[in-house]
Amino acid sequence: MINIQRLSEHIEQLSRIGRTADGGIDRFSYTDHDIKANELVAQYMKAAGLNVHYDAVGNLIGSDEGTEDLPAIVLGSHIDTVPNGGKFDGSLGVLVAIEVIHSFKEQGIEFRHPVKVIAFRDEEGTRFGFGMIGSRAVAGTLTTADLQRMDEDGITIEQAIANCGLEKKSLSSTRLNHVKCYLEVHIEQGKVLEAKGAAVGNVTGIAGPLWLKFQLTGLAEHAGTTPMNQRQDALVGASLIIAEVEKMTKRYNSSVATVGKLIVKPNGVNVIPGEVEWTIDMRDIDEAQRDQLEREIKQYAEAVARERQLGLHVIELQRVEPVHCDKILQALIKESIQEIGETVVSLPSGAGHDAMQFKDCFPVGMIFVRSKDGISHNPKEFTAEEDMLKAAQVLYKTMVKLDR
Ligand code: HGY
Ligand code: MN
Ligand code: MN
């Protein structure tokens with residue numbers, strides 16, 4: 001059945017590409033590290049007996065034709081990372097899927113359905129501030145306008161794809177049709193499974209991330225000669241707004257909001273900040289609640305800007321609707337968890353995943369794997385080998401049920 005040594009070795013080998021000084025991983029979409037990582041994963045796919053190709057946006061797709069003309073079962077996740085990320089986020093899902101296919105092949109078991117394993121490009125949104133590029137393309141929702149989004153060096157997604165030397169194909173060719181369902185294995189990145197003593201979990205739904213960029217403009221002036229009551233200090237304004245974000249969000253039980261990036265200009269010790277730019281990542285499984293929080297934060301920011309004669313500009317980077325996982329897939333996943341003798345824990349995902357992009361295309365299901373101390377997006381991210389094995393066994397059993 002599952003070769004856990006091979007899976008662990010693949011996790012280890014892949015994690016060496018983009019390794020940072022403190023043991024994390026910097027592997028951002030369409031960079032050399034990302035290209036090398038995809039080449040390595042392509043080798044794993046070929047060794048597992050999959051036919052490999054890249055689509056128009058660089059999604060790496062391993063295909064097995066199956067024995068009958070049936071809709072495809074699609075598996076996958078991502079291998080790009082956040083800055084200084086962990087070695088399991090995304091990568092585990094891709095490598096478990098490949099390992100499961102490999103073990104079917106080693107037993108000489110043919111699939112009735114075509115099967116595809118996809119390593120989606122740029123799930124995290126680290127480089128372009130706009131995530132899930134590959135899965136949007138497979139869902140057929142990525143637009144040519146989206147491809148004009150730029151990274152901090154002014155390189156567009158389109159140019160980054162071309163710079164990878166990928167064969168130029170039409171964007172419309174990336175949409176996957178004739179699909180039965182999509183299944184993704186992913187680390188939980190939270191503490192629920194660990195608290196319940198469960199190695200694996202069935203995902204009920206995925207909270208929807210909304211990413212906004214706030215730009216506050218005041219007046220850069222001399223720190224020594226400008227009286228306190230005559231300043232248009234963009235950083236003080238931003239600080240008031242950011243502190244209020246936490247207070248407002250705590251009033252909502254299932255919402256979270258994070259200011260992850262902040263830039264101060266001109267960023268001098270003796271200069272009153274003239275401009276501040278920051279991001280807010282806000283999420284909730286309840287979309288109406290998330291959007292209510294968005295309205296409240298924007299209203300408060302406008303009031304602070306008015307009061308302090310500051311200019312405010314808010315840009316939407318990405319808005320992803322929360323997704324509920326398919327009930328039938330959930331039932332198959334729960335059955336498989338029971339069959340390996342594990343307790344069934346069902347839980348929503350606070351993190352976003354490629355699976356969300358397929359909500360209007362085909363049924364989606366997710367299998368979570370326990371994260372030690374719930375840590376993720378951090379070099380300390382860890383999942384035990386025995387938990388990875390259980391996740392692979394659950395995926396294997398779910399595939400058997402789906403292929404009947
Ligand atoms: O941001 C997320 O939830 C995921 O890690 N892309
Ligand atoms: Mn992530
Ligand atoms: Mn992820």
# chains A, B, ... in the order shown; residues from 1 in each chain; ligands from 1
call {"tool": "select_by_dssp", "arguments": {"residues": "stretch 3-104 of chain A", "states": "strand (DSSP E)", "output": "list of chain:residue names"}}
result
A:Asn51, A:Val52, A:His53, A:Tyr54, A:Leu60, A:Ile61, A:Gly62, A:Ser63, A:Asp64, A:Ala72, A:Ile73, A:Val74, A:Leu75, A:Gly76, A:Ser77, A:His78
call {"tool": "residues_near_ligand", "arguments": {"ligand": "ligand 2", "cutoff": "7 Å", "atoms": "only C-alpha atoms and all ligand atoms", "output": "PDB file with N, CA and C atoms, in the first residue's frame"}}
result
ATOM      1  N   THR A  81       4.995  28.913  -1.645  1.00  0.00           N
ATOM      2  CA  THR A  81       4.923  29.134  -0.190  1.00  0.00           C
ATOM      3  C   THR A  81       4.714  30.618   0.145  1.00  0.00           C
ATOM      4  N   VAL A  82       4.421  30.871   1.395  1.00  0.00           N
ATOM      5  CA  VAL A  82       4.464  32.241   1.931  1.00  0.00           C
ATOM      6  C   VAL A  82       5.932  32.541   2.233  1.00  0.00           C
ATOM      7  N   ASP A  89       2.716  22.867   4.024  1.00  0.00           N
ATOM      8  CA  ASP A  89       1.585  23.650   3.513  1.00  0.00           C
ATOM      9  C   ASP A  89       1.538  23.529   1.979  1.00  0.00           C
ATOM     10  N   GLY A  90       0.536  22.840   1.490  1.00  0.00           N
ATOM     11  CA  GLY A  90       0.374  22.651   0.043  1.00  0.00           C
ATOM     12  C   GLY A  90       1.146  21.450  -0.463  1.00  0.00           C
ATOM     13  N   GLU A 124      -0.652  30.891  -2.891  1.00  0.00           N
ATOM     14  CA  GLU A 124      -0.499  31.777  -1.725  1.00  0.00           C
ATOM     15  C   GLU A 124      -0.710  33.264  -2.019  1.00  0.00           C
ATOM     16  N   HIS A 377       2.669  28.455   8.219  1.00  0.00           N
ATOM     17  CA  HIS A 377       3.229  29.716   7.686  1.00  0.00           C
ATOM     18  C   HIS A 377       4.409  30.135   8.554  1.00  0.00           C
TER      19      HIS A 377
END
call {"tool": "residues_near_ligand", "arguments": {"ligand": "ligand 1", "cutoff": "6 Å", "atoms": "only C-alpha atoms and all ligand atoms", "output": "NGL selection string"}}
result
:A and (123-124 or 351-353)
call {"tool": "closest_residue", "arguments": {"among": "A:Gly49, A:Gly350, A:Gly201, A:Gly237", "to": "ligand 3", "atoms": "only C-alpha atoms and all ligand atoms"}}
result
A:Gly350
call {"tool": "residues_around", "arguments": {"residues": "A:Phe368", "least_positions_apart": "2", "cutoff": "6 Å", "atoms": "only C-alpha atoms", "output": "list of chain:residue names"}}
result
A:Val185, A:His186, A:Ile187, A:Glu188, A:Val200, A:Gly201
call {"tool": "write_last_selection", "arguments": {"atoms": "C-alpha atoms", "output": "PDB file, in the first residue's frame"}}
result
ATOM      1  CA  VAL A 185      -5.358  16.791   1.272  1.00  0.00           C
ATOM      2  CA  HIS A 186      -3.956  19.688   3.311  1.00  0.00           C
ATOM      3  CA  ILE A 187      -2.480  20.303   6.744  1.00  0.00           C
ATOM      4  CA  GLU A 188      -5.028  21.849   9.112  1.00  0.00           C
ATOM      5  CA  VAL A 200      -7.050  13.435  10.193  1.00  0.00           C
ATOM      6  CA  GLY A 201     -10.279  15.377   9.671  1.00  0.00           C
TER       7      GLY A 201
END
call {"tool": "closest_residue", "arguments": {"among": "A:Ala220, A:Ile98, A:Met45, A:Ile206", "to": "ligand 3", "atoms": "only C-alpha atoms and all ligand atoms"}}
result
A:Ile206
call {"tool": "atom_distance", "arguments": {"atom1": "atom CA of A:Ser254", "atom2": "atom CA of A:Ala139"}}
result
27.7 Å
call {"tool": "residues_around", "arguments": {"residues": "A:Phe28", "least_positions_apart": "3", "cutoff": "8 Å", "atoms": "only C-alpha atoms", "output": "VMD selection string"}}
result
chain A and resid 31 33 to 34 80 to 82 122 126 to 127
call {"tool": "closest_atom_pairs", "arguments": {"of": "stretch 190-257 of chain A", "to": "stretch 357-363 of chain A", "cutoff": "12 Å", "atoms": "only C-alpha atoms", "output": "tab-separated table"}}
result
residue	atom	partner	partner_atom	distance
A:Gly205	CA	A:Lys359	CA	10.7
A:Ile206	CA	A:Lys359	CA	10.5
A:Gly208	CA	A:Gln357	CA	10.6
A:Pro209	CA	A:Gln357	CA	11.9
call {"tool": "residues_around", "arguments": {"residues": "A:Tyr252", "least_positions_apart": "4", "cutoff": "9 Å", "atoms": "only C-alpha atoms", "output": "number ranges by chain"}}
result
A: 248, 256, 289-290, 293
call {"tool": "write_last_selection", "arguments": {"atoms": "C-alpha atoms", "output": "JSON list (two decimals), in the first residue's frame"}}
result
[["chain", "number", "residue", "atom", "x", "y", "z"],
["A", 248, "MET", "CA", -13.92, 45.39, 15.82],
["A", 256, "VAL", "CA", -10.45, 36.95, 11.80],
["A", 289, "GLN", "CA", -20.57, 38.74, 8.53],
["A", 290, "ARG", "CA", -17.20, 39.23, 6.80],
["A", 293, "LEU", "CA", -16.84, 43.77, 9.20]]
call {"tool": "residues_around", "arguments": {"residues": "stretch 274-287 of chain A", "least_positions_apart": "4", "cutoff": "6 Å", "atoms": "only C-alpha atoms", "output": "PyMOL selection string"}}
result
chain A and resi 207-220+234+254-259+261-265+322
call {"tool": "residues_around", "arguments": {"residues": "stretch 103-113 of chain A", "least_positions_apart": "3", "cutoff": "9 Å", "atoms": "only C-alpha atoms", "output": "list in words"}}
result
Met1, Ile2, Asn3, Ala48, Gly49, Asp64, Glu65, Gly66, Thr67, Glu68, Asp69, Leu70, Pro71, Ala72, Ile73, Ile98, Glu99, Val100, Lys180, Tyr396, Val400, Leu402, Asp403 and Arg404 of chain A
call {"tool": "write_last_selection", "arguments": {"atoms": "N, CA and C atoms", "output": "tab-separated table (two decimals), in the first residue's frame"}}
result
chain	number	residue	atom	x	y	z
A	1	MET	N	0.86	-1.20	0.00
A	1	MET	CA	0.00	0.00	0.00
A	1	MET	C	0.89	1.25	0.00
A	2	ILE	N	0.63	2.18	0.86
A	2	ILE	CA	1.34	3.47	0.83
A	2	ILE	C	2.80	3.28	1.26
A	3	ASN	N	3.71	3.88	0.46
A	3	ASN	CA	5.14	3.81	0.81
A	3	ASN	C	5.51	5.08	1.57
A	48	ALA	N	5.45	7.84	-10.86
A	48	ALA	CA	4.19	7.22	-10.41
A	48	ALA	C	3.34	6.75	-11.58
A	49	GLY	N	3.89	6.94	-12.80
A	49	GLY	CA	3.17	6.45	-13.98
A	49	GLY	C	2.19	7.45	-14.57
A	64	ASP	N	-3.71	10.33	-15.61
A	64	ASP	CA	-3.88	8.91	-15.91
A	64	ASP	C	-5.21	8.80	-16.65
A	65	GLU	N	-5.19	8.17	-17.82
A	65	GLU	CA	-6.37	8.24	-18.70
A	65	GLU	C	-7.56	7.42	-18.18
A	66	GLY	N	-7.29	6.45	-17.27
A	66	GLY	CA	-8.39	5.59	-16.81
A	66	GLY	C	-8.78	4.61	-17.92
A	67	THR	N	-9.69	3.68	-17.59
A	67	THR	CA	-10.05	2.66	-18.60
A	67	THR	C	-11.38	2.96	-19.28
A	68	GLU	N	-12.14	3.92	-18.73
A	68	GLU	CA	-13.45	4.24	-19.34
A	68	GLU	C	-13.58	5.75	-19.56
A	69	ASP	N	-14.46	6.10	-20.48
A	69	ASP	CA	-14.67	7.53	-20.78
A	69	ASP	C	-15.63	8.12	-19.75
A	70	LEU	N	-15.06	8.42	-18.59
A	70	LEU	CA	-15.86	8.93	-17.46
A	70	LEU	C	-15.29	10.30	-17.05
A	71	PRO	N	-16.03	11.07	-16.28
A	71	PRO	CA	-15.49	12.35	-15.80
A	71	PRO	C	-14.31	12.10	-14.86
A	72	ALA	N	-13.35	13.01	-14.86
A	72	ALA	CA	-12.08	12.80	-14.13
A	72	ALA	C	-12.23	13.08	-12.64
A	73	ILE	N	-11.45	12.32	-11.89
A	73	ILE	CA	-11.26	12.63	-10.45
A	73	ILE	C	-9.99	13.46	-10.38
A	98	ILE	N	0.27	12.10	-5.27
A	98	ILE	CA	1.17	11.34	-6.16
A	98	ILE	C	1.47	9.97	-5.54
A	99	GLU	N	1.69	9.94	-4.24
A	99	GLU	CA	2.03	8.67	-3.56
A	99	GLU	C	0.86	7.69	-3.65
A	100	VAL	N	-0.36	8.20	-3.50
A	100	VAL	CA	-1.54	7.32	-3.58
A	100	VAL	C	-1.65	6.72	-4.98
A	180	LYS	N	-15.45	14.83	-12.34
A	180	LYS	CA	-16.40	14.25	-11.38
A	180	LYS	C	-16.34	15.00	-10.06
A	396	TYR	N	-6.64	7.21	-0.26
A	396	TYR	CA	-6.63	5.95	-1.03
A	396	TYR	C	-8.02	5.32	-0.99
A	400	VAL	N	-10.97	4.75	-3.92
A	400	VAL	CA	-11.57	3.45	-4.27
A	400	VAL	C	-13.09	3.59	-4.35
A	402	LEU	N	-14.78	6.35	-4.87
A	402	LEU	CA	-15.18	7.24	-5.98
A	402	LEU	C	-15.09	6.55	-7.34
A	403	ASP	N	-14.19	5.56	-7.42
A	403	ASP	CA	-13.91	4.97	-8.73
A	403	ASP	C	-14.83	3.80	-9.04
A	404	ARG	N	-15.78	3.53	-8.10
A	404	ARG	CA	-16.69	2.38	-8.32
A	404	ARG	C	-17.64	2.64	-9.50
call {"tool": "closest_residue", "arguments": {"among": "A:Glu244, A:Glu12, A:Glu184, A:Asp291", "to": "ligand 3", "atoms": "only C-alpha atoms and all ligand atoms"}}
result
A:Glu184
